[in-house]
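Accompanying notes for the structure given below.
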Amino acid sequence: MESKHSINDFVIKFANVNGTGSASANGMFAKAIFRMGIPVSPRNIFPSNIQGLPTWYEVRVSRDGYLGRRGGIDMMVSVNPQSFAKDVSELDPGGYMLYDSTKPLDLRHVRRDISYLGIPLTEMCLREYSDARQRQLFKNVIYVGALSALLNIDFAILKDLVGEQFKGKEKLITPNIHALEMGHQYASTHFDCPLGIHLKAGEQTPKHIQEFDQILMDGNTAAALGAVYAGATVAAWYPITPSTSVVDAFEKYCRRLRIDPGTGKKNYAIVQAEDELSAMGMVIGANWNGARAFTATSGPGVSLMSEFLGLAYFAEVPAVLVDVQRAGPSTGMPTRTQQSDILAAAYASHGDTKHVLFFPATPAECFSMTVEAFDLAERLQTPIIIMSDLDLGMNEWMSPPLEFDDNYQYDRGKVLSGADLEAMTERFGRYLDVDGDGIPYRTYPGAHPNKGAYFTRGSSRDEYAAYTEDGDVYVRNMDRLLKKFETAKALVPEAKIKPAAEPTKDALLFFGTTASPAYEALETLEKEGIHLDTLRLRSFPFTQEVEDFIEEHHRIFVIEQNRDGQMRRLLLNETNVEANAKLISVVEYDGLPVTARKIASVIRGYMGVNNVTPLVPREKELA
Amino acid sequence: MESKHSINDFVIKFANVNGTGSASANGMFAKAIFRMGIPVSPRNIFPSNIQGLPTWYEVRVSRDGYLGRRGGIDMMVSVNPQSFAKDVSELDPGGYMLYDSTKPLDLRHVRRDISYLGIPLTEMCLREYSDARQRQLFKNVIYVGALSALLNIDFAILKDLVGEQFKGKEKLITPNIHALEMGHQYASTHFDCPLGIHLKAGEQTPKHIQEFDQILMDGNTAAALGAVYAGATVAAWYPITPSTSVVDAFEKYCRRLRIDPGTGKKNYAIVQAEDELSAMGMVIGANWNGARAFTATSGPGVSLMSEFLGLAYFAEVPAVLVDVQRAGPSTGMPTRTQQSDILAAAYASHGDTKHVLFFPATPAECFSMTVEAFDLAERLQTPIIIMSDLDLGMNEWMSPPLEFDDNYQYDRGKVLSGADLEAMTERFGRYLDVDGDGIPYRTYPGAHPNKGAYFTRGSSRDEYAAYTEDGDVYVRNMDRLLKKFETAKALVPEAKIKPAAEPTKDALLFFGTTASPAYEALETLEKEGIHLDTLRLRSFPFTQEVEDFIEEHHRIFVIEQNRDGQMRRLLLNETNVEANAKLISVVEYDGLPVTARKIASVIRGYMGVNNVTPLVPREKELA
Amino acid sequence: MTYAKPAFRHPEAKTNDVGCTRRDYEGGLSTLCAGCGHDSISAAIIDACFDLSIEPHRVAKLSGIGCSSKTPAYFLSGSHSFNSVHGRMPSVATGANLANRDLIYIGVSGDGDTASIGMGQFAHVMRRNLNMTYIVENNGCYGLTKGQDSATMDTESVSKKGDINPYTPIDLVRVGIEVGATFVGRSFSGDKAQLVPLIKAAISHRGFALLDVISPCVTFNNHQGSTKSYASFREHNDAMPVDFIPRREAITTSYDAGIVHEVCMHDGSVLRLQKVNEEYDIEDPQSALDAIAHHAKEDRILTGLLYIKRDSEELHDVLQTASKPLNTLNQRELCPGSRFLDSINAGLR
Amino acid sequence: MTYAKPAFRHPEAKTNDVGCTRRDYEGGLSTLCAGCGHDSISAAIIDACFDLSIEPHRVAKLSGIGCSSKTPAYFLSGSHSFNSVHGRMPSVATGANLANRDLIYIGVSGDGDTASIGMGQFAHVMRRNLNMTYIVENNGCYGLTKGQDSATMDTESVSKKGDINPYTPIDLVRVGIEVGATFVGRSFSGDKAQLVPLIKAAISHRGFALLDVISPCVTFNNHQGSTKSYASFREHNDAMPVDFIPRREAITTSYDAGIVHEVCMHDGSVLRLQKVNEEYDIEDPQSALDAIAHHAKEDRILTGLLYIKRDSEELHDVLQTASKPLNTLNQRELCPGSRFLDSINAGLR
Ligand SMILES: Cc1ncc(C[n+]2csc(CCOP(=O)(O)OP(=O)(O)O)c2C)c(N)n1
Ligand SMILES: Cc1ncc(C[n+]2csc(CCOP(=O)(O)OP(=O)(O)O)c2C)c(N)n1
Ligand code: SF4
Ligand code: SF4
Ligand SMILES: [Mg+2]
Ligand SMILES: [Mg+2]
């Protein structure tokens, strides 16, 4: 058997029991690699449970700076007997299996094509600690220590991280470092260190990684920071995985930044609503009244908000909604990722409605697009839905640092102030298309003693906000709303188009978290002589560029993480191109992020090229 | 000025005040024409109000048996000063204006190109009646009496109708007949009777009308009867215009048919839920437990039900929902018609969901499709949404009689009884695809002492209904659901295809209430030498025939009553044809049913043909 | 169709402390049925706002869907208004109030809108003690959808359709007291002498003020057996009139001191209660529930101010929001700028 | 992860009147946190059903979403179960019950599922007096989403995150009594001696039986200041134990007669109450509310059967549904056939 060999390029997976403190130890492991300057992307694969079920943590180390899932596992750290059999079977041939050797290895789980590294974790803890909790907790720290020897992690960095983690609880530092050392010691004395796969600091990293002074952060925190920077003052929400940490992070930053030091009073308000209908109602009420307000939710919440989204569309009230998508339908797999709310979000609510969608692909975009969303929601007076997902929202991603231009000014949209109203000679018409862009002017309640008051409603009204059942007036209003949606095309984040090295009529189209594996697949294919232009969608409605791109290509692979090829359908629907045959669905919907290998393999299939890189056996072919 | 002349072919519109009892008088007028054997189609155009606002009643008399709206008005009966100016302006040149001449005609409302027929209705009532309510009420009866002279309505029929209406309240009959006579008398003595437009019994009627012994009924009542005939035992609903009369009628028939004469107990249960979410929950609960249950709602209700619709799709619970569509978005125009919930219904709920839709075009189809919906919902174990609309649901339509084949047996779908379970040797798997059609077997709670119990959930599960987060198992389940949707194509009501008299590559595609005006436009165009094949959609998912039809034609006009061309989009989405350019939207969305004139004129435009029949000036051209 | 305008009581000429005439508080032409109780309530709101010398533009009106929810169009046309969706006005009001704590929020709802589809939001807005006046125009039926029974319809009463209502009604004032409303009153649309001062007191209350106003639907629920019709209410009504004296007039009452109970409002104004049948501590929720139950047992509806919690914390107190309305904060006050972002970035390395 | 199985009390061998052992009432392996109160409740449900000799397949289990709502998977695996969507179990239960009145319906919910998102459905299912047992596994927090405060969380108590809850809790038993539940009890997951008989009584009750069972979340809400933790409950608990005697055993109690209050259940079985601190008429809702309030003022939680309405009309009585379950009616019984359609057609000419 030949063991795997690779420097700075491998996948390691941790198999733990939920609620045993493994998350922080595993996080420290990933962060240490990040600190060494080596591209890393960790992913939590956790159950919908609080304690006791299997949970995994997959860490990809990628010399080339690929942050999407690669597919395949080179090393497994399995400390969960429940999942051991499955864990063993998942390892690539030549891979390494680190396990708790306190009990002898069950022979049924022995494979000849992998290396076993047994460490008596339980035994070591039993010997070392008397407290049951500590015995549990330090197991994780010990294996991280062992990995530092096996994989060549800079031990000083680990020590720093422990110090940072327990700042303020100094007396926990020593035992943690001790546990790390025990692990390191054990591995150094029992195994040939480092393994064939290991880390090496100071190696050449790809340009796009070098260029930036990278940070490691999750998309939900970034979106929350975006809301802070956009000046959101009201957040109303209802807890739901995987969106909960958006408002949690918003609150954390508001506590730091928005409490008046003199009075101790808050320049923000966060309300945990009784459900998602109510959360969206609050967001609409607050925006109507001139505060920037938002909510965050996931699929079931979007379904519940659909009546209110229709109201906001029709009554023309701004709103920002972060949809951190998970695997549907219904409750589905609440702790797995998907991009499957696209049609539900685009057409949320009965009647002729359409909503503006943003598709962030990185934490940096979660930040910047959230800032932008507040501007655009107010400019267009309509809801903006930011379509994030569990993978982006809850996992830590290497990202260029967040940037904010201090010269940038909020665009609060067309709002007439008291002074504007005072100066006005003509009659104020809330729904008059004064500028020909479909966007009318609004006023905040209380703006002026006797001008500008109007009646907001979800029913049909004329230009002066008076109720009407006159068909012509209704049509005029509906047509204006459509014109406004046209106007939106010039304002939404534009698609990113990247031509291939050589002219081609083939293309890849993707968005959000399909971007990372897509770019990786692209480079792989390019090396094989398969050239594809790319378009990364960043928003809906689609701009002319998107239409032109589809027009210009013969075959466009649309990569998305849902069963029904929802983005492909939205493209068919909302562009004026004959694209049925040319838009080819590449879908992955098992709840885990699509891998670069999968994308590459499907495209090779279409190109009639044999698989030139070995595929992991369990990879399914696309139907 | 030349007055209109036409026998059995004109449009008459009544302008009344809401809540003044005009509805029943106007209804009697339409019914009398129907009884004369002359094709007639009445339409209520009413406000979202209980008393005091303008309301209209438009009656089309059509020798050729056209039941859709024609466009244009030949005679106006205006007894509402609020709307008088508008009413006058709407009349076609040469038309007749019947008005209350108690007060002299306001000169601003005088047109030279129409004939005025003044009847001092208020004065006559003041003279004749002392009670304020009677003075109000009999005005309506008097003008119906006048019309009987002016238009040549068989007076005996009117008398019969009064008799039927006041069966049991005999002392009301005489005064009503007296009022009719007063009107008749006044018209006979003051005007040349009949007018240029009038009725003539015994004229040749078109074959499709002759063939049947027609009835006059509304779609909501027909759908309710369908539910009765399908054996629905549970109805849960929340009041909303224009769907309310579905459950009202269901209750009415259940009271007649489903009360045990011995015990006085009910073989049905109707619950007015606290909202639409709850109504859909009840329907799901009852269907899960083996009763046939349904609900009826309109747009806002569909939005609110979307979370539950996703549950029913994913947990595979049958449900029947009648969506009587009205003008959206949001509260929109609640008393106007539209076909604008198509996308919202087809893709209701987050995640990868799709729902089966039926599109009835006539009361007879409301009946038969509702019966079918219960079968299919149980066969497919999924919700079926019947897409009716206000025009079909709340107006009375001439229709062939309802038919029911006594040999027909309910299809209760794949349900294992206690005996089936007893006989089973293999393990019961609730979500096993035993037959390869994607449809698994279910059991009712309590069916067997120790077999067949399973856990229903909206979360991911394996074939044996056990919770799972295993991606492969999840995908298997999702793929089976897709296969089931494929299976549905063979089971849903097929599209109706009608070739043109001469071979053509042009076609009309329509559904529901666009069918009547479309068929009429077709005949008009045919006479002008414009030939179009037609396809009437009756369900979603689309069958192969629909795809082939689109494939085979060069230009397909998709006629629908919404702004966004939602059916066209659904066709683009859900067929594998290049159809972007060939599917041409013909939309009307002002809340009134689209007219034949409008359809014909738009198509002529595309054909490069000049308008050969005069168009009513106020008809808007399509953008 | 009626104007909510009994001009005889308030001659146009009379102006209040902010220089407004009663006409300045009126709204559009009502499209409700002639004689609908809801129009009387609109008139009472007009009177109350006029009397309180509220500047109309400092009021935000909110409602759901129903005949009752249409009424904000018929009073205070100088105020912004939000006619939202069915049963969900409380959440819209909550958001609006969070954005600007300085306006006066008046919500109008129906019994269908509140007790059926809106039950959840209704309970939770009370639990949060949102600073608003919430008026339920309670007619025991769904007026706008033509008279179906609502959840406040009395058991056994017969609807226009002839059906006997078999369910127990939900008593909104009891629910209000149970889940946290801090001002709970009941009145009758036809009793202006009681209703106007109650509305004034409710508006002056700091926190959630619930007014359950019985408001007959003349078209669908004005019939024998329904306690929500004019006829039956007049029989059963056990009036507990209130007289509200705005602070700035500082007039003491001339009523017999022995039967007057003074309640000090949060804005300093004094509410004087005259109890007709009994004395109980209206600041004790359990006593209020007892009294309501006692009267209910005797088939009487207790009206007036039934419960009040003084010095309660309204939502902004609870959330410790700054006194400056959130919607007035500008970018300088809200946006931390790039410097702080640098420190965030540093912490993520 | 724990099995809900205290095997020491019920040796496997023992069978009940329908020939089942306790094991026949068990469910799958629990995936809740070790020590979670919810598992104790599952165990109590198992005991109650065993004791009552219920045939497992005659039970339908229903739930919403949450740790609590997962528990139907951990008991009565021989029963059908419907784990629906968050907060909407009551409507699903209503539909199910309408379809087949002959099954026993046991609903399990959480405080988030019931008091927040589910408040509207919860109130209305009680108003309808649906014949079911509704158990709220009340831990004052959202367990499954990691510990946010719920609407039943005590004011001022401190969550794991360190936040002080500023809102007034909603007391579910009070809401239940107000809106029409006909059997209202409260207990504590750790008090099996009280809980098992209460569940048995609830199941035997004809109509809506609400059990608010305080069930500590060991992971997120087992801390100082929360009355929903084990520690605090033991201190504050003012137990009112119940002893339930199924009719077919007809054993009279050996307790001191002076402090036992007998309640006759609808199925004829007798529920005996022992009151620790006071006597009140548990058939009078206002007395029950008074007693609860009295104890609450003294910072005690009153447990036991708190209110019962005997001879109430459950939903099927109200609707006058036939005694034969609707889901057993066949086409012959339901379909009027073409003859009747002819008469319909005739009437429409
Ligand atoms: C989601 C939704 N469901 C149903 C309706 C239909 N609807 C309009 S008003 C109303 C009930 C109104 O009753 P209530 O609130 O008591 O007001 P009232 O008309 O009696 O004053 C209903 C059910 C709606 N507009 N929206
Ligand atoms: C519509 C919807 N919103 C939010 C969620 C997320 N969610 C799952 S469980 C839960 C709360 C559970 O709290 P509780 O009912 O008290 O149950 P516990 O876990 O405490 O037993 C929430 C908010 C969801 N599943 N569905
Ligand atoms: S229907 Fe009833 S509630 Fe509605 S306006 Fe008429 S009287 Fe008022
Ligand atoms: S999180 Fe709390 S409620 Fe959920 S299983 Fe754990 S202890 Fe129980
Ligand atoms: Mg009402
Ligand atoms: Mg809980």
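Letters A, B, ... mark the chains of the structure tokens in the order given; residue numbers begin at 1 per chain; ligand numbers begin at 1, in order shown.
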
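Near Glu276 in chain A, within 10 Å and counting only C-alpha atoms, sit Ala236, Trp237, Tyr238, Pro239, Ile240, Gln272, Met280, Gly281, Met282, Thr295, Ala296, Thr297, Ser298, Pro300, Gly301, Val302, Ser303, Leu304, Met305, Ser306 and Phe308 of chain A; Ile117 of chain D, not including residues fewer than 4 positions from it in the same chain.
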
Can you build me a table of chain C residues sitting at most 6 Å from ligand 3, with the closest atom pair per residue and its distance in Å to one decimal, using only C-alpha atoms and all ligand atoms, sorted by chain and residue number, as CSV?
```
residue,atom,partner,partner_atom_place_in_ligand_line,distance
C:Leu32,CA,ligand 3,5 (S),3.7
C:Cys33,CA,ligand 3,6 (Fe),4.1
C:Cys36,CA,ligand 3,7 (S),4.1
C:Cys67,CA,ligand 3,4 (Fe),4.7
C:Gly143,CA,ligand 3,1 (S),4.1
C:Leu144,CA,ligand 3,4 (Fe),5.2
C:Cys217,CA,ligand 3,2 (Fe),3.6
C:Val218,CA,ligand 3,7 (S),4.2
C:Thr219,CA,ligand 3,7 (S),4.6
C:Phe220,CA,ligand 3,2 (Fe),5.7
```

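Atom pair CA of Met387 in chain A / CA of Pro360 in chain A has a distance of 6.9 Å (rounded to one decimal).
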
Kindly work out which residues sit at most 8 Å from ligand 6, using only C-alpha atoms and all ligand atoms, and give the list as a PDB file with all heavy atoms, in the first residue's frame.
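Below is the file that was written, out00.pdb:
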```
ATOM      1  N   GLY D  66     -39.201  21.078  17.319  1.00  0.00           N
ATOM      2  CA  GLY D  66     -38.423  21.431  18.502  1.00  0.00           C
ATOM      3  C   GLY D  66     -37.903  20.145  19.122  1.00  0.00           C
ATOM      4  O   GLY D  66     -38.270  19.050  18.678  1.00  0.00           O
ATOM      5  N   CYS D  67     -37.055  20.249  20.135  1.00  0.00           N
ATOM      6  CA  CYS D  67     -36.596  19.038  20.822  1.00  0.00           C
ATOM      7  C   CYS D  67     -37.807  18.278  21.348  1.00  0.00           C
ATOM      8  O   CYS D  67     -37.927  17.067  21.181  1.00  0.00           O
ATOM      9  CB  CYS D  67     -35.681  19.405  21.988  1.00  0.00           C
ATOM     10  SG  CYS D  67     -34.134  20.187  21.488  1.00  0.00           S
ATOM     11  N   SER D  68     -38.723  19.005  21.990  1.00  0.00           N
ATOM     12  CA  SER D  68     -39.935  18.411  22.534  1.00  0.00           C
ATOM     13  C   SER D  68     -40.743  17.725  21.428  1.00  0.00           C
ATOM     14  O   SER D  68     -41.248  16.615  21.625  1.00  0.00           O
ATOM     15  CB  SER D  68     -40.778  19.499  23.194  1.00  0.00           C
ATOM     16  OG  SER D  68     -40.632  20.726  22.492  1.00  0.00           O
ATOM     17  N   GLY D 110     -43.638  22.194  22.353  1.00  0.00           N
ATOM     18  CA  GLY D 110     -42.728  22.914  23.237  1.00  0.00           C
ATOM     19  C   GLY D 110     -43.303  24.279  23.543  1.00  0.00           C
ATOM     20  O   GLY D 110     -44.327  24.675  22.978  1.00  0.00           O
ATOM     21  N   ASP D 111     -42.656  24.986  24.421  1.00  0.00           N
ATOM     22  CA  ASP D 111     -43.149  26.314  24.774  1.00  0.00           C
ATOM     23  C   ASP D 111     -42.950  27.290  23.615  1.00  0.00           C
ATOM     24  O   ASP D 111     -43.757  28.190  23.407  1.00  0.00           O
ATOM     25  CB  ASP D 111     -42.492  26.820  26.052  1.00  0.00           C
ATOM     26  CG  ASP D 111     -41.003  26.556  26.084  1.00  0.00           C
ATOM     27  OD1 ASP D 111     -40.568  25.501  25.587  1.00  0.00           O
ATOM     28  OD2 ASP D 111     -40.268  27.406  26.588  1.00  0.00           O
ATOM     29  N   GLY D 112     -41.882  27.093  22.841  1.00  0.00           N
ATOM     30  CA  GLY D 112     -41.715  27.933  21.660  1.00  0.00           C
ATOM     31  C   GLY D 112     -42.783  27.581  20.641  1.00  0.00           C
ATOM     32  O   GLY D 112     -43.484  28.453  20.110  1.00  0.00           O
ATOM     33  N   ASP D 113     -42.937  26.313  20.410  1.00  0.00           N
ATOM     34  CA  ASP D 113     -43.904  25.802  19.445  1.00  0.00           C
ATOM     35  C   ASP D 113     -45.338  26.229  19.795  1.00  0.00           C
ATOM     36  O   ASP D 113     -46.140  26.516  18.913  1.00  0.00           O
ATOM     37  CB  ASP D 113     -43.797  24.269  19.459  1.00  0.00           C
ATOM     38  CG  ASP D 113     -44.348  23.613  18.215  1.00  0.00           C
ATOM     39  OD1 ASP D 113     -43.823  23.905  17.122  1.00  0.00           O
ATOM     40  OD2 ASP D 113     -45.282  22.817  18.337  1.00  0.00           O
ATOM     41  N   GLU D 137     -44.119  20.605  26.658  1.00  0.00           N
ATOM     42  CA  GLU D 137     -42.894  20.319  27.399  1.00  0.00           C
ATOM     43  C   GLU D 137     -42.161  21.650  27.545  1.00  0.00           C
ATOM     44  O   GLU D 137     -41.415  22.079  26.676  1.00  0.00           O
ATOM     45  CB  GLU D 137     -42.082  19.244  26.665  1.00  0.00           C
ATOM     46  CG  GLU D 137     -42.954  17.994  26.442  1.00  0.00           C
ATOM     47  CD  GLU D 137     -42.205  16.758  25.947  1.00  0.00           C
ATOM     48  OE1 GLU D 137     -41.084  16.894  25.421  1.00  0.00           O
ATOM     49  OE2 GLU D 137     -42.754  15.646  26.089  1.00  0.00           O
ATOM     50  N   ASN D 138     -42.447  22.271  28.671  1.00  0.00           N
ATOM     51  CA  ASN D 138     -42.146  23.683  28.857  1.00  0.00           C
ATOM     52  C   ASN D 138     -40.797  23.890  29.537  1.00  0.00           C
ATOM     53  O   ASN D 138     -40.653  23.638  30.728  1.00  0.00           O
ATOM     54  CB  ASN D 138     -43.292  24.277  29.693  1.00  0.00           C
ATOM     55  CG  ASN D 138     -43.255  25.773  29.737  1.00  0.00           C
ATOM     56  OD1 ASN D 138     -42.256  26.408  29.394  1.00  0.00           O
ATOM     57  ND2 ASN D 138     -44.354  26.357  30.168  1.00  0.00           N
ATOM     58  N   ASN D 139     -39.832  24.355  28.761  1.00  0.00           N
ATOM     59  CA  ASN D 139     -38.502  24.594  29.335  1.00  0.00           C
ATOM     60  C   ASN D 139     -38.091  26.056  29.294  1.00  0.00           C
ATOM     61  O   ASN D 139     -36.938  26.397  29.572  1.00  0.00           O
ATOM     62  CB  ASN D 139     -37.450  23.704  28.649  1.00  0.00           C
ATOM     63  CG  ASN D 139     -37.437  23.902  27.151  1.00  0.00           C
ATOM     64  OD1 ASN D 139     -38.013  24.865  26.652  1.00  0.00           O
ATOM     65  ND2 ASN D 139     -36.800  23.001  26.434  1.00  0.00           N
ATOM     66  N   GLY D 140     -39.014  26.910  28.930  1.00  0.00           N
ATOM     67  CA  GLY D 140     -38.709  28.338  28.944  1.00  0.00           C
ATOM     68  C   GLY D 140     -37.728  28.783  27.882  1.00  0.00           C
ATOM     69  O   GLY D 140     -37.273  29.928  27.894  1.00  0.00           O
ATOM     70  N   CYS D 141     -37.389  27.895  26.992  1.00  0.00           N
ATOM     71  CA  CYS D 141     -36.427  28.299  25.960  1.00  0.00           C
ATOM     72  C   CYS D 141     -36.637  27.504  24.680  1.00  0.00           C
ATOM     73  O   CYS D 141     -37.431  26.583  24.635  1.00  0.00           O
ATOM     74  CB  CYS D 141     -34.988  28.123  26.454  1.00  0.00           C
ATOM     75  SG  CYS D 141     -34.444  26.406  26.520  1.00  0.00           S
ATOM     76  N   TYR D 142     -35.940  27.913  23.665  1.00  0.00           N
ATOM     77  CA  TYR D 142     -35.920  27.189  22.396  1.00  0.00           C
ATOM     78  C   TYR D 142     -34.735  26.249  22.445  1.00  0.00           C
ATOM     79  O   TYR D 142     -33.618  26.647  22.132  1.00  0.00           O
ATOM     80  CB  TYR D 142     -35.720  28.151  21.224  1.00  0.00           C
ATOM     81  CG  TYR D 142     -36.874  29.056  20.907  1.00  0.00           C
ATOM     82  CD1 TYR D 142     -37.970  29.168  21.751  1.00  0.00           C
ATOM     83  CD2 TYR D 142     -36.881  29.811  19.742  1.00  0.00           C
ATOM     84  CE1 TYR D 142     -39.031  29.998  21.442  1.00  0.00           C
ATOM     85  CE2 TYR D 142     -37.943  30.638  19.428  1.00  0.00           C
ATOM     86  CZ  TYR D 142     -39.011  30.731  20.282  1.00  0.00           C
ATOM     87  OH  TYR D 142     -40.066  31.559  19.974  1.00  0.00           O
ATOM     88  N   GLY D 143     -34.980  25.002  22.836  1.00  0.00           N
ATOM     89  CA  GLY D 143     -33.862  24.078  22.926  1.00  0.00           C
ATOM     90  C   GLY D 143     -33.181  23.855  21.591  1.00  0.00           C
ATOM     91  O   GLY D 143     -31.978  24.090  21.438  1.00  0.00           O
ATOM     92  N   LEU D 144     -33.969  23.458  20.605  1.00  0.00           N
ATOM     93  CA  LEU D 144     -33.367  23.001  19.347  1.00  0.00           C
ATOM     94  C   LEU D 144     -32.601  24.082  18.593  1.00  0.00           C
ATOM     95  O   LEU D 144     -31.681  23.786  17.835  1.00  0.00           O
ATOM     96  CB  LEU D 144     -34.461  22.406  18.444  1.00  0.00           C
ATOM     97  CG  LEU D 144     -33.984  21.616  17.223  1.00  0.00           C
ATOM     98  CD1 LEU D 144     -33.019  20.515  17.592  1.00  0.00           C
ATOM     99  CD2 LEU D 144     -35.164  21.041  16.465  1.00  0.00           C
ATOM    100  N   SER D 150     -37.929  31.797  25.453  1.00  0.00           N
ATOM    101  CA  SER D 150     -39.266  31.642  24.883  1.00  0.00           C
ATOM    102  C   SER D 150     -40.219  32.566  25.626  1.00  0.00           C
ATOM    103  O   SER D 150     -39.834  33.246  26.587  1.00  0.00           O
ATOM    104  CB  SER D 150     -39.744  30.200  25.010  1.00  0.00           C
ATOM    105  OG  SER D 150     -40.308  30.000  26.291  1.00  0.00           O
ATOM    106  N   CYS D 217     -34.559  22.234  30.401  1.00  0.00           N
ATOM    107  CA  CYS D 217     -33.569  22.033  29.350  1.00  0.00           C
ATOM    108  C   CYS D 217     -32.214  22.056  30.037  1.00  0.00           C
ATOM    109  O   CYS D 217     -31.752  23.113  30.463  1.00  0.00           O
ATOM    110  CB  CYS D 217     -33.664  23.160  28.325  1.00  0.00           C
ATOM    111  SG  CYS D 217     -32.309  23.150  27.140  1.00  0.00           S
TER     112      CYS D 217
END
```

Find the residues near range 206-209 of chain D: any atom within 8 Å, counting only C-alpha atoms, skip ones fewer than 5 places away on the same chain, and give them as a count of residues only. 19

Give the residues of chain D that lie within 6 Å of chain B; count only C-alpha atoms, and format the answer as an MDAnalysis selection string. chainID D and resid 57:58 78:84 91:92 94:96 99 320:322 327 334:335 337:338 345 348:349

What residues in chain D lie within 9 Å of chain C, counting only C-alpha atoms, written as number ranges by chain? D: 115-121, 123-124, 127-129, 151, 166-171, 174-175, 178-180, 286-287, 289-290, 293, 318-319

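Non-sequential neighbours of Val77 in chain A (distance at most 7 Å, separation of 6 or more positions within a chain, only C-alpha atoms) are Lys13, Phe14, Ala15, Met97, Leu98 and Tyr99 of chain A.
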
Show me which bits of chain B are within 7 Å of chain A, counting only C-alpha atoms, as JSON, numbers by chain. {"B": [299, 300, 302, 303, 304, 306, 307, 310, 311, 314, 327, 328, 329, 330, 331, 332, 333, 340, 341, 344, 347, 348, 349, 350, 351, 352, 353, 458, 459, 460, 469, 471, 472, 474, 475, 562, 563, 564, 569, 572, 573, 576, 577, 578, 579, 580, 589, 590, 591]}

When you look at Gly202 in chain B with a cut-off of 12 Å (counting only C-alpha atoms), what residues show up, excluding the ones that are within fewer than 6 positions of it in the same chain? I need them as a count of residues only. 12

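The spacing separating CA of Ala495 in chain B from CA of Ala507 in chain B amounts to 13.9 Å.
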
Residues of range 356-475 of chain B in strand (DSSP E or B), written as a PyMOL selection string: chain B and resi 356-358+383-389+396-399+415-416+442-443+455-457+459+461+467

Do a neighbour search on range 426-430 of chain B at 6 Å with only C-alpha atoms, toss out local chain neighbours closer than 3 positions, and write the hits as a list in words. Tyr441, Arg442, Glu463 and Tyr464 of chain B
